[in-house]
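Trainee: Okay, handing you the structure first.
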Amino acid sequence: MPEKFLKPYDSTATESRIYAEWEKSGLFNPDECVKQGVTKADAPTYSIVLPPPNVTGRLHMGHALMLAVEDIFVRFKRMQGFRTLWVPGTDHAAIATQSVVEKQIKKDEGKNRHDLGREELLKRIETFAAESHDTIIGQLKTMGASLDWSREAFTLDETRTRAVRKVFKEMYDAGLIYRGLRIVNWDPKGQTTISDDEIVYQEEKSTFYYLKYGPFTIGTARPETKFGDKYVVMHPNDSRYADWKDGQKIDLEWINGPITATVVKDESIDMEFGTGVMTITPWHSIVDFDIAERHELDKEQIIDERGKLLPIAGEFVGMKIVEARAKIVEKLRVKGLLEKEESYVHNIATAERTGGIIEPQIKLQWFVDVNKEVIGRGKTLKEMVIEPMRSGAIKIVPEYFEKTYFHWVENLRDWCISRQIWYGHRVPVWYKGDDISVGIEPKEEGWMQDEDTLDTWFSSGLWTFSTLGWPEQTDDLKNYHPTDLLETGYDILPFWVMRMILMTEFTLNTIPFKTVYLHGLVRDAQGRKMSKSLGNNLDPLEITAKFGADAARMALIVGNTPGTDMRMSEDKIKGYKHFANKLWNVARFVLSQERTGEMRADLKAEFDALIVGVTNDIEEFRTYMAAEKLYHYVWHRFADEIIEESKNKAEYGATLYYILENSLKLLHPFMPFVTEEIYQSMPYKETGFLMTAPWPVVE
RNA sequence: GCGCGGUUAGCUCAAUUGGUAGAGCGUCACAUUGACGUUGUGAAUGUUAUAGGUUCAAGUCCUAUACCGCGCACCA
């Protein structure tokens, strides 16, 4: 028996050494597995593409969970003999990364991005991104992730840029990408548009004002936008206003003097709300914009990009909206136009990254049209993202999230893909006078590229196939796409999962993956979200240093059903550190015995049932149950009972070795390090590494 | 407003799709000088949120109610 077994299991010393050996062997790469004869050249493939972590710093426990789950499936399939590929990569995460760096520069040097200029800011972001990248790669390895590093990708590298440009051009040529003057979510703090998904609603107590508007009383929470309101809208079926005709003109006294208003009848008005009459501000309200579009009404900007009032506000010009509001209300009161005030609670839209209060604005932006029929395909993009889910070509684990998915897709509107930030894929469009070139940069002088960049989800939407080399028709693409599994957090089901399906259906006319496995949030022991401000973060690096990656992985897997949030505590992880040591001692005992005697048929049958159970559990995505079964068997059956019975009885030898060896195999996807380390000391080995040993099969 | 999920032992969660409610942690008692600093044996705790229904059989299916959490939309 090797001397190392005389001491308790030391995860720290073992894990980094073992990972280096695996990496050196090249066996994370399926081609190398074939070359070294551990995988058959014609074996079926299994592939996962890693959801790329943002290069915004370091990984958290949610990432650790993602890695644990994916590595379990990858190691399981590799041992089963599949040509198994797990592609690593990172995400430039445009707005998230830029705002982290901008905040830092603001703090250190008191400068904003315009002080630095585009080129200098990009240089700074790239330096930061490179550092984050290295930190993250180190963390991925610490967790034991068996990723094929020879295929690493970045959402903003050269290959991915080619893919982005090609897809953009194809969508543009198909008439699905258009540039239009449309109302968008403008973040005055971040100075950029953001998508609907990047908005966080916050409850706020505010005042609701009833104002006299000629013969009507209108309700509003935002008197500061009302300067330009010259349309008064009501429901066509509202009997209270039946005498007023659509298009009728009314002269009335308004904030800054007399105006002429026009009556508009529109069915979107809620007769129950307020007085059933409202005026509209199409430039700064999505609903009002839609009404204005339907009736072809004028639109006028009231508030500028920095959140200040424009000259139309008269004496209030240049004021910030918050301070202007009180003064405008006061003026309305003096003029006798303020009828009454009520307090009410509503949700204000804020930008997820900057906290800025969203001000809708009409801007010239690029959009993806989700409701237009795609030529030659007979359906819209929206239909394309519904279909594979309906037909069962893609299934979600847990299944009930499919309902959430459909609910979300039904509310899908045209996707605004341009951003006024600098870090990211620049919109691949060049202008020269009235000429426009899409997707390809013209060689001649005088062409200017669009200033904007693309929403980060545009490039991540291509992730499953851009990582495999598309637009080249690579072998990887042929062999590994569609991928088998997408494993990610349920919180990005709509943003990312839906967009990958959209992009892949459009570009390749196929699905990006067959199964979507959604994990939940990792919370602290009290069930609170982990956050910097609460200081309840568990840092995966600290955890692995203290308890080992094997223990962290088990703690993340046991008792954690897909789609459900879980609670994590150091105590739980400690428990599995103990388990790693228990396994270590089991090995110590077995290795001290002679491998003699007949196999005990009853014990073998019992173990074989475990093999079948665990295999089925993993195949059917019940990793939490497989892990628990193994824990229970190894500790309370094998160690407590079988080994106890066997003491001083030489005829158990062969049985003990059988159980140990196969327990190591079954446990390997869950606890790769300690199992590999023990396997290396087994007197009989089928292969160099447990990692590529054959998965146990019951005849 | 529309939708989704949850409610099971003191705590955290399971229950392989309708077949005797189980694990981990915690608690209590006992044991333990050689595989185990991280050990073992045993014990207690359940009207499965509530009320009905279907069924030979319900934690599981149906209806309603209550509470908790979440998503989406709206918010003049």
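To be explicit about the labels: the chains of the structure tokens are called A, B, and onward in the order shown, and within each one the residues are counted from 1, while ligands get numbers from 1 in the order they are shown.
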I'd like the contact shell of region 448-463 of chain A - 6 Å cut-off, only C-alpha atoms (C1' of nucleotides), skipping same-chain residues fewer than 5 positions apart - returned as a ChimeraX atom specification.
Mentor: /A:93-94,417-420,424-427,429-431,499-500,503
Trainee: Do you know which residues are at most 10 Å from U27 (chain B) counting only C-alpha atoms (C1' of nucleotides), after dropping those on the same chain fewer than 6 positions away, and could you put them as a PDB file with all heavy atoms, in the first residue's frame?
Mentor:
```
ATOM      1  P     G B  10     -40.615  18.536  13.307  1.00  0.00           P
ATOM      2  OP1   G B  10     -40.730  17.915  14.627  1.00  0.00           O
ATOM      3  OP2   G B  10     -41.787  19.058  12.580  1.00  0.00           O
ATOM      4  O5'   G B  10     -39.527  19.701  13.407  1.00  0.00           O
ATOM      5  C5'   G B  10     -39.822  20.884  14.154  1.00  0.00           C
ATOM      6  C4'   G B  10     -38.551  21.680  14.291  1.00  0.00           C
ATOM      7  O4'   G B  10     -37.594  20.877  15.025  1.00  0.00           O
ATOM      8  C3'   G B  10     -37.866  22.003  12.964  1.00  0.00           C
ATOM      9  O3'   G B  10     -38.324  23.244  12.456  1.00  0.00           O
ATOM     10  C2'   G B  10     -36.394  22.061  13.356  1.00  0.00           C
ATOM     11  O2'   G B  10     -36.062  23.299  13.942  1.00  0.00           O
ATOM     12  C1'   G B  10     -36.312  20.972  14.434  1.00  0.00           C
ATOM     13  N9    G B  10     -35.942  19.655  13.910  1.00  0.00           N
ATOM     14  C8    G B  10     -36.689  18.513  14.050  1.00  0.00           C
ATOM     15  N7    G B  10     -36.132  17.463  13.493  1.00  0.00           N
ATOM     16  C5    G B  10     -34.946  17.946  12.969  1.00  0.00           C
ATOM     17  C6    G B  10     -33.933  17.275  12.265  1.00  0.00           C
ATOM     18  O6    G B  10     -33.874  16.080  11.949  1.00  0.00           O
ATOM     19  N1    G B  10     -32.907  18.131  11.902  1.00  0.00           N
ATOM     20  C2    G B  10     -32.874  19.468  12.185  1.00  0.00           C
ATOM     21  N2    G B  10     -31.802  20.121  11.748  1.00  0.00           N
ATOM     22  N3    G B  10     -33.816  20.118  12.848  1.00  0.00           N
ATOM     23  C4    G B  10     -34.817  19.298  13.207  1.00  0.00           C
ATOM     24  P     A B  44     -37.992   5.157  17.544  1.00  0.00           P
ATOM     25  OP1   A B  44     -39.202   4.347  17.819  1.00  0.00           O
ATOM     26  OP2   A B  44     -37.407   5.169  16.194  1.00  0.00           O
ATOM     27  O5'   A B  44     -38.285   6.652  17.999  1.00  0.00           O
ATOM     28  C5'   A B  44     -38.677   6.925  19.341  1.00  0.00           C
ATOM     29  C4'   A B  44     -38.610   8.405  19.582  1.00  0.00           C
ATOM     30  O4'   A B  44     -37.229   8.847  19.493  1.00  0.00           O
ATOM     31  C3'   A B  44     -39.328   9.249  18.532  1.00  0.00           C
ATOM     32  O3'   A B  44     -40.712   9.317  18.792  1.00  0.00           O
ATOM     33  C2'   A B  44     -38.622  10.580  18.669  1.00  0.00           C
ATOM     34  O2'   A B  44     -39.072  11.307  19.789  1.00  0.00           O
ATOM     35  C1'   A B  44     -37.179  10.133  18.911  1.00  0.00           C
ATOM     36  N9    A B  44     -36.398  10.059  17.656  1.00  0.00           N
ATOM     37  C8    A B  44     -36.236   8.980  16.821  1.00  0.00           C
ATOM     38  N7    A B  44     -35.467   9.212  15.790  1.00  0.00           N
ATOM     39  C5    A B  44     -35.089  10.536  15.959  1.00  0.00           C
ATOM     40  C6    A B  44     -34.255  11.398  15.200  1.00  0.00           C
ATOM     41  N6    A B  44     -33.641  11.022  14.081  1.00  0.00           N
ATOM     42  N1    A B  44     -34.085  12.660  15.647  1.00  0.00           N
ATOM     43  C2    A B  44     -34.712  13.029  16.762  1.00  0.00           C
ATOM     44  N3    A B  44     -35.508  12.317  17.570  1.00  0.00           N
ATOM     45  C4    A B  44     -35.653  11.074  17.109  1.00  0.00           C
ATOM     46  P     U B  45     -41.748   9.089  17.605  1.00  0.00           P
ATOM     47  OP1   U B  45     -43.049   8.712  18.180  1.00  0.00           O
ATOM     48  OP2   U B  45     -41.115   8.214  16.589  1.00  0.00           O
ATOM     49  O5'   U B  45     -41.887  10.551  17.008  1.00  0.00           O
ATOM     50  C5'   U B  45     -42.113  11.655  17.886  1.00  0.00           C
ATOM     51  C4'   U B  45     -41.597  12.903  17.223  1.00  0.00           C
ATOM     52  O4'   U B  45     -40.184  12.784  16.998  1.00  0.00           O
ATOM     53  C3'   U B  45     -42.153  13.148  15.822  1.00  0.00           C
ATOM     54  O3'   U B  45     -43.416  13.783  15.911  1.00  0.00           O
ATOM     55  C2'   U B  45     -41.093  14.063  15.208  1.00  0.00           C
ATOM     56  O2'   U B  45     -41.328  15.408  15.527  1.00  0.00           O
ATOM     57  C1'   U B  45     -39.812  13.584  15.908  1.00  0.00           C
ATOM     58  N1    U B  45     -38.914  12.831  15.006  1.00  0.00           N
ATOM     59  C2    U B  45     -37.828  13.511  14.466  1.00  0.00           C
ATOM     60  O2    U B  45     -37.591  14.675  14.689  1.00  0.00           O
ATOM     61  N3    U B  45     -37.028  12.757  13.633  1.00  0.00           N
ATOM     62  C4    U B  45     -37.193  11.433  13.301  1.00  0.00           C
ATOM     63  O4    U B  45     -36.391  10.899  12.546  1.00  0.00           O
ATOM     64  C5    U B  45     -38.340  10.801  13.904  1.00  0.00           C
ATOM     65  C6    U B  45     -39.145  11.507  14.714  1.00  0.00           C
TER      66        U B  45
END
```
Trainee: Give the answer as one residue: which of A:Lys546, A:Arg600, A:His407, A:Lys647 has the shortest atom-to-atom distance to chain B, using only C-alpha atoms (C1' of nucleotides)?
Mentor: A:His407
Trainee: Taking only C-alpha atoms (C1' of nucleotides) into account, what are the residues of chain B at most 7 Å from chain A, put as a PyMOL selection string?
Mentor: chain B and resi 4+13+35-36+38+72+75-76
Trainee: Those residues you just picked out, can you put them in a file as an mmCIF file, in the first residue's frame with C-alpha atoms (C1' of nucleotides)?
Mentor:
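Writing the result to out-v3.cif gives the following:
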```cif
data_model
loop_
_atom_site.group_PDB
_atom_site.id
_atom_site.type_symbol
_atom_site.label_atom_id
_atom_site.label_comp_id
_atom_site.auth_asym_id
_atom_site.auth_seq_id
_atom_site.Cartn_x
_atom_site.Cartn_y
_atom_site.Cartn_z
ATOM 1 C "C1'" C B 4 -45.073 29.686 -13.255
ATOM 2 C "C1'" C B 13 -34.495 18.822 0.721
ATOM 3 C "C1'" A B 35 -9.223 1.521 7.586
ATOM 4 C "C1'" C B 36 -11.214 6.465 9.624
ATOM 5 C "C1'" U B 38 -13.392 13.386 9.718
ATOM 6 C "C1'" C B 72 -44.037 38.797 -17.778
ATOM 7 C "C1'" C B 75 -48.866 51.826 -14.812
ATOM 8 C "C1'" A B 76 -51.887 58.279 -18.886
#
```
Trainee: Residues of region 83-298 of chain A in alpha helix (DSSP H) according to DSSP, as a PyMOL selection string?
Mentor: chain A and resi 94-109+113-116+118-142+158-173+286-295
Trainee: Just C-alpha atoms for this one: save the residues we selected as a short mmCIF file (atom, residue, chain, number, x, y, z; two decimals), in the first residue's frame.
Mentor:
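Full text of part-v8.cif as output:
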```
data_model
loop_
_atom_site.label_atom_id
_atom_site.label_comp_id
_atom_site.auth_asym_id
_atom_site.auth_seq_id
_atom_site.Cartn_x
_atom_site.Cartn_y
_atom_site.Cartn_z
CA ALA A 94 -20.04 44.48 -23.76
CA ILE A 95 -21.98 46.77 -21.47
CA ALA A 96 -21.22 44.85 -18.27
CA THR A 97 -17.48 44.95 -18.84
CA GLN A 98 -17.39 48.52 -20.07
CA SER A 99 -19.32 49.79 -17.08
CA VAL A 100 -17.05 47.98 -14.62
CA VAL A 101 -13.99 49.59 -16.19
CA GLU A 102 -15.64 53.00 -16.52
CA LYS A 103 -16.56 52.95 -12.84
CA GLN A 104 -13.00 52.09 -11.89
CA ILE A 105 -11.55 54.87 -14.03
CA LYS A 106 -14.04 57.33 -12.61
CA LYS A 107 -13.03 56.32 -9.11
CA ASP A 108 -9.26 56.33 -9.69
CA GLU A 109 -8.85 59.23 -12.08
CA ARG A 113 -15.15 57.79 -21.25
CA HIS A 114 -15.28 60.97 -23.32
CA ASP A 115 -12.23 62.32 -21.48
CA LEU A 116 -10.34 59.21 -22.57
CA ARG A 118 -12.77 55.59 -27.83
CA GLU A 119 -9.34 54.19 -28.54
CA GLU A 120 -7.88 54.72 -25.06
CA LEU A 121 -10.99 53.38 -23.31
CA LEU A 122 -10.96 50.25 -25.46
CA LYS A 123 -7.31 49.71 -24.63
CA ARG A 124 -8.06 49.91 -20.93
CA ILE A 125 -11.02 47.55 -21.23
CA GLU A 126 -8.97 45.05 -23.18
CA THR A 127 -6.28 45.03 -20.50
CA PHE A 128 -8.90 44.48 -17.84
CA ALA A 129 -10.62 41.79 -19.89
CA ALA A 130 -7.34 39.96 -20.40
CA GLU A 131 -6.67 39.88 -16.66
CA SER A 132 -10.17 38.71 -15.89
CA HIS A 133 -9.83 36.07 -18.54
CA ASP A 134 -6.72 34.61 -16.94
CA THR A 135 -8.29 34.61 -13.49
CA ILE A 136 -11.36 32.86 -14.83
CA ILE A 137 -9.43 30.20 -16.74
CA GLY A 138 -7.52 29.42 -13.55
CA GLN A 139 -10.79 29.05 -11.67
CA LEU A 140 -12.28 26.76 -14.30
CA LYS A 141 -9.28 24.47 -13.93
CA THR A 142 -9.46 24.56 -10.14
CA GLU A 158 -11.48 36.94 -34.95
CA THR A 159 -13.47 33.80 -35.75
CA ARG A 160 -16.47 35.01 -33.77
CA THR A 161 -16.25 38.43 -35.46
CA ARG A 162 -16.46 36.74 -38.87
CA ALA A 163 -19.53 34.87 -37.67
CA VAL A 164 -21.19 38.01 -36.34
CA ARG A 165 -20.63 39.92 -39.58
CA LYS A 166 -21.88 37.09 -41.72
CA VAL A 167 -25.07 36.59 -39.72
CA PHE A 168 -25.70 40.33 -39.61
CA LYS A 169 -25.38 40.53 -43.37
CA GLU A 170 -27.60 37.52 -43.98
CA MET A 171 -30.28 38.90 -41.72
CA TYR A 172 -30.01 42.30 -43.32
CA ASP A 173 -30.25 40.83 -46.82
CA ILE A 286 -43.77 53.38 -25.57
CA VAL A 287 -47.56 53.19 -25.35
CA ASP A 288 -47.96 56.76 -26.59
CA PHE A 289 -45.55 56.05 -29.40
CA ASP A 290 -47.68 53.13 -30.55
CA ILE A 291 -50.82 55.29 -30.49
CA ALA A 292 -49.03 58.00 -32.45
CA GLU A 293 -47.88 55.46 -35.03
CA ARG A 294 -51.41 54.11 -35.48
CA HIS A 295 -52.91 57.56 -36.03
#
```
Trainee: Closest to Asp565 (chain A) among A:Tyr490, A:Tyr480, A:Trp254, A:Tyr657, using only C-alpha atoms?
Mentor: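 Looking at the shortest contact to Asp565 (chain A), the residue is A:Tyr490.
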Trainee: Using only C-alpha atoms, can you tell me which of A:Val232, A:Leu27, A:Leu381, A:Leu181 comes closest to Trp283 (chain A)?
Mentor: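 With only C-alpha atoms as the atom set, the closest residue is A:Leu181.
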Trainee: May I have the residues within 7 Å of Ile194 (chain A) as a ChimeraX atom specification, using only C-alpha atoms (C1' of nucleotides) and disregarding those fewer than 6 positions away in the same chain?
Mentor: /A:185-187,419
Trainee: Which parts of region 375-603 of chain A does DSSP call strand (DSSP E or B) when run on the backbone here, written out as number ranges by chain?
Mentor: A: 379-380, 395-397, 415-416, 418-419, 426, 429-432, 435-438, 448-449, 453-454, 483-489, 513-519, 522-523, 529, 566-567
Trainee: Okay, now the selection with C-alpha atoms, as a PDB file, in the first residue's frame?
Mentor:
```
ATOM      1  CA  LYS A 379     -42.440  31.568 -40.978  1.00  0.00           C
ATOM      2  CA  THR A 380     -41.287  34.394 -38.775  1.00  0.00           C
ATOM      3  CA  LYS A 395     -36.653  19.859 -24.344  1.00  0.00           C
ATOM      4  CA  ILE A 396     -36.130  21.731 -21.120  1.00  0.00           C
ATOM      5  CA  VAL A 397     -35.241  20.169 -17.784  1.00  0.00           C
ATOM      6  CA  TRP A 415     -35.088  43.312 -30.740  1.00  0.00           C
ATOM      7  CA  CYS A 416     -33.037  46.491 -30.587  1.00  0.00           C
ATOM      8  CA  SER A 418     -27.513  48.594 -31.392  1.00  0.00           C
ATOM      9  CA  ARG A 419     -25.829  50.070 -28.342  1.00  0.00           C
ATOM     10  CA  ARG A 426     -19.080  47.334 -33.952  1.00  0.00           C
ATOM     11  CA  VAL A 429     -22.284  48.789 -41.603  1.00  0.00           C
ATOM     12  CA  TRP A 430     -20.405  51.496 -43.499  1.00  0.00           C
ATOM     13  CA  TYR A 431     -21.852  54.717 -44.869  1.00  0.00           C
ATOM     14  CA  LYS A 432     -20.710  57.089 -47.619  1.00  0.00           C
ATOM     15  CA  ASP A 435     -24.584  54.632 -49.914  1.00  0.00           C
ATOM     16  CA  ILE A 436     -24.504  51.845 -47.406  1.00  0.00           C
ATOM     17  CA  SER A 437     -22.391  48.700 -47.213  1.00  0.00           C
ATOM     18  CA  VAL A 438     -23.433  45.922 -44.900  1.00  0.00           C
ATOM     19  CA  MET A 448     -17.447  55.654 -42.252  1.00  0.00           C
ATOM     20  CA  GLN A 449     -18.385  52.753 -40.025  1.00  0.00           C
ATOM     21  CA  THR A 453     -21.839  48.368 -31.198  1.00  0.00           C
ATOM     22  CA  LEU A 454     -24.056  45.287 -31.072  1.00  0.00           C
ATOM     23  CA  THR A 483     -24.814  20.168 -29.352  1.00  0.00           C
ATOM     24  CA  ASP A 484     -26.324  17.713 -26.918  1.00  0.00           C
ATOM     25  CA  LEU A 485     -26.782  19.818 -23.843  1.00  0.00           C
ATOM     26  CA  LEU A 486     -27.031  23.430 -22.872  1.00  0.00           C
ATOM     27  CA  GLU A 487     -26.688  23.858 -19.146  1.00  0.00           C
ATOM     28  CA  THR A 488     -27.314  27.296 -17.695  1.00  0.00           C
ATOM     29  CA  GLY A 489     -29.189  29.275 -15.041  1.00  0.00           C
ATOM     30  CA  PHE A 513     -28.945  21.926 -28.690  1.00  0.00           C
ATOM     31  CA  LYS A 514     -31.198  19.009 -27.871  1.00  0.00           C
ATOM     32  CA  THR A 515     -31.691  19.523 -24.168  1.00  0.00           C
ATOM     33  CA  VAL A 516     -31.634  22.585 -21.973  1.00  0.00           C
ATOM     34  CA  TYR A 517     -30.787  21.836 -18.350  1.00  0.00           C
ATOM     35  CA  LEU A 518     -31.547  24.755 -16.073  1.00  0.00           C
ATOM     36  CA  HIS A 519     -29.959  25.128 -12.671  1.00  0.00           C
ATOM     37  CA  VAL A 522     -27.039  29.390  -5.224  1.00  0.00           C
ATOM     38  CA  ARG A 523     -28.143  31.181  -2.073  1.00  0.00           C
ATOM     39  CA  LYS A 529     -29.020  35.883  -2.585  1.00  0.00           C
ATOM     40  CA  MET A 566     -30.434  25.927  -3.383  1.00  0.00           C
ATOM     41  CA  ARG A 567     -28.862  26.902  -0.105  1.00  0.00           C
TER      42      ARG A 567
END
```
Trainee: Fewer than 4 positions away in the same chain doesn't count, so skip those; otherwise give me all residues within 9 Å of region 49-52 of chain B, counting only C-alpha atoms (C1' of nucleotides), as a ChimeraX atom specification.
Mentor: /B:7,63-67
Trainee: Write out the residues from the selection above, keeping N, CA and C atoms (P, O5', C5', C4', C3', O3' and C1' of nucleotides), as a CSV table (one decimal), in the first residue's frame.
Mentor:
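As written to disk, part23.csv reads:
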```csv
chain,number,residue,atom,x,y,z
B,7,U,P,-43.6,21.5,-2.1
B,7,U,O5',-44.1,22.2,-0.8
B,7,U,C5',-43.1,22.9,0.1
B,7,U,C4',-43.8,23.6,1.2
B,7,U,C3',-44.7,22.7,2.1
B,7,U,O3',-44.5,23.0,3.5
B,7,U,C1',-46.0,24.4,1.1
B,63,U,P,-57.9,21.4,-11.9
B,63,U,O5',-59.1,21.7,-10.9
B,63,U,C5',-60.5,21.7,-11.3
B,63,U,C4',-61.3,22.1,-10.1
B,63,U,C3',-60.9,23.3,-9.3
B,63,U,O3',-61.2,24.5,-9.9
B,63,U,C1',-61.5,21.5,-7.8
B,64,A,P,-60.3,25.8,-9.6
B,64,A,O5',-60.7,26.1,-8.0
B,64,A,C5',-61.9,26.6,-7.7
B,64,A,C4',-62.1,26.7,-6.2
B,64,A,C3',-61.1,27.5,-5.4
B,64,A,O3',-61.4,28.9,-5.5
B,64,A,C1',-61.4,25.4,-4.4
B,65,U,P,-60.3,30.0,-5.3
B,65,U,O5',-59.9,29.9,-3.8
B,65,U,C5',-60.9,30.2,-2.8
B,65,U,C4',-60.3,29.9,-1.4
B,65,U,C3',-59.0,30.6,-1.1
B,65,U,O3',-59.1,31.9,-0.7
B,65,U,C1',-58.9,28.3,-0.4
B,66,A,P,-57.9,32.9,-1.0
B,66,A,O5',-56.9,32.6,0.1
B,66,A,C5',-57.3,32.7,1.5
B,66,A,C4',-56.2,32.2,2.4
B,66,A,C3',-54.8,32.7,2.1
B,66,A,O3',-54.5,33.9,2.7
B,66,A,C1',-54.7,30.3,2.3
B,67,C,P,-53.7,35.0,1.9
B,67,C,O5',-52.2,34.6,2.2
B,67,C,C5',-51.7,34.6,3.5
B,67,C,C4',-50.5,33.7,3.6
B,67,C,C3',-49.3,34.0,2.7
B,67,C,O3',-48.5,35.0,3.2
B,67,C,C1',-49.8,31.7,2.7
```
Trainee: Work out how far CA of Pro494 (chain A) is from CA of Val368 (chain A), in Å to one decimal.
Mentor: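 Those two atoms sit 15.8 Å apart.
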Trainee: Give me the residues near Thr504 (chain A) as a list in words, where near means some atom within 8 Å (using only C-alpha atoms (C1' of nucleotides)) and where sequence neighbours in that chain fewer than 5 positions away do not count.
Mentor: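 The filter keeps Gly461, Leu462, Phe465, Asn509, Thr510, Ile511 and Pro512 of chain A.
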Trainee: Could the residues in this selection be written to a file with all heavy atoms, as a short mmCIF file (atom, residue, chain, number, x, y, z; two decimals), in the first residue's frame?
Mentor:
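The new file result_30.cif reads:
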```cif
data_model
loop_
_atom_site.label_atom_id
_atom_site.label_comp_id
_atom_site.auth_asym_id
_atom_site.auth_seq_id
_atom_site.Cartn_x
_atom_site.Cartn_y
_atom_site.Cartn_z
N GLY A 461 -25.61 34.67 -29.10
CA GLY A 461 -26.64 33.87 -29.76
C GLY A 461 -26.07 32.87 -30.76
O GLY A 461 -26.71 31.88 -31.11
N LEU A 462 -24.86 33.17 -31.23
CA LEU A 462 -24.22 32.30 -32.24
C LEU A 462 -23.32 31.26 -31.60
O LEU A 462 -22.66 30.48 -32.29
CB LEU A 462 -23.37 33.15 -33.20
CG LEU A 462 -23.94 34.48 -33.68
CD1 LEU A 462 -22.92 35.18 -34.57
CD2 LEU A 462 -25.23 34.28 -34.44
N PHE A 465 -22.51 27.45 -32.54
CA PHE A 465 -21.87 27.11 -33.83
C PHE A 465 -20.66 27.98 -34.15
O PHE A 465 -19.74 27.54 -34.84
CB PHE A 465 -22.88 27.11 -34.99
CG PHE A 465 -23.66 28.38 -35.20
CD1 PHE A 465 -23.21 29.37 -36.07
CD2 PHE A 465 -24.86 28.57 -34.56
CE1 PHE A 465 -23.96 30.52 -36.29
CE2 PHE A 465 -25.61 29.73 -34.76
CZ PHE A 465 -25.16 30.70 -35.62
N ASN A 509 -30.66 26.63 -39.96
CA ASN A 509 -31.91 25.89 -40.15
C ASN A 509 -31.93 24.61 -39.31
O ASN A 509 -32.40 23.55 -39.74
CB ASN A 509 -32.11 25.56 -41.64
CG ASN A 509 -33.56 25.20 -41.93
OD1 ASN A 509 -34.42 25.29 -41.05
ND2 ASN A 509 -33.83 24.79 -43.15
N THR A 510 -31.39 24.72 -38.10
CA THR A 510 -31.42 23.58 -37.19
C THR A 510 -31.45 24.11 -35.76
O THR A 510 -31.43 25.31 -35.54
CB THR A 510 -30.21 22.65 -37.42
OG1 THR A 510 -30.33 21.54 -36.54
CG2 THR A 510 -28.89 23.36 -37.14
N ILE A 511 -31.50 23.19 -34.81
CA ILE A 511 -31.50 23.60 -33.41
C ILE A 511 -30.07 23.71 -32.89
O ILE A 511 -29.17 23.05 -33.41
CB ILE A 511 -32.27 22.57 -32.54
CG1 ILE A 511 -31.76 21.14 -32.79
CG2 ILE A 511 -33.76 22.65 -32.81
CD1 ILE A 511 -32.36 20.09 -31.88
N PRO A 512 -29.84 24.54 -31.88
CA PRO A 512 -28.48 24.65 -31.32
C PRO A 512 -28.14 23.54 -30.34
O PRO A 512 -26.97 23.22 -30.13
CB PRO A 512 -28.50 26.00 -30.60
CG PRO A 512 -29.93 26.29 -30.32
CD PRO A 512 -30.76 25.57 -31.35
#
```
Trainee: Would you list the contacts of Ala627 (chain A) as a count of residues only, taking every protein, DNA or RNA residue within 10 Å and counting only C-alpha atoms (C1' of nucleotides), but skipping same-chain residues closer than 4 positions in sequence?
Mentor: 18
Trainee: Using only C-alpha atoms for the distances, tell me which of A:Ile48, A:Leu656, A:Ala609, A:Ala20 is nearest to Asp71 (chain A).
Mentor: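 Checking each candidate against Asp71 (chain A), we get A:Ile48 as the closest.
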Trainee: Near Met271 (chain A), counting only C-alpha atoms (C1' of nucleotides), which residues have an atom at most 10 Å away, once you skip same-chain residues fewer than 4 positions from it, shown as a ChimeraX atom specification?
Mentor: /A:234-240,267,275-277
Trainee: Give the answer as one residue: which of A:Ile440, A:Val49, A:Met61, A:Ile183 has the shortest atom-to-atom distance to Gly520 (chain A), using only C-alpha atoms?
Mentor: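 Under the stated criterion, the closest residue is A:Met61.
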Trainee: Between A:Ile659, A:Ile259, A:Leu309, A:Met143, single out the one closest to Thr225 (chain A), counting only C-alpha atoms.
Mentor: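 Distance minimum relative to Thr225 (chain A) lands on A:Leu309.
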Trainee: For CA of Leu412 (chain A) and CA of Val497 (chain A), quote the distance in Å rounded to one decimal.
Mentor: 13.6 Å
Trainee: Mind giving me the straight-line distance from CA of Lys478 (chain A) to CA of Met498 (chain A) in Å, one decimal?
Mentor: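 We find that CA of Lys478 (chain A) and CA of Met498 (chain A) lie 22.7 Å from each other.
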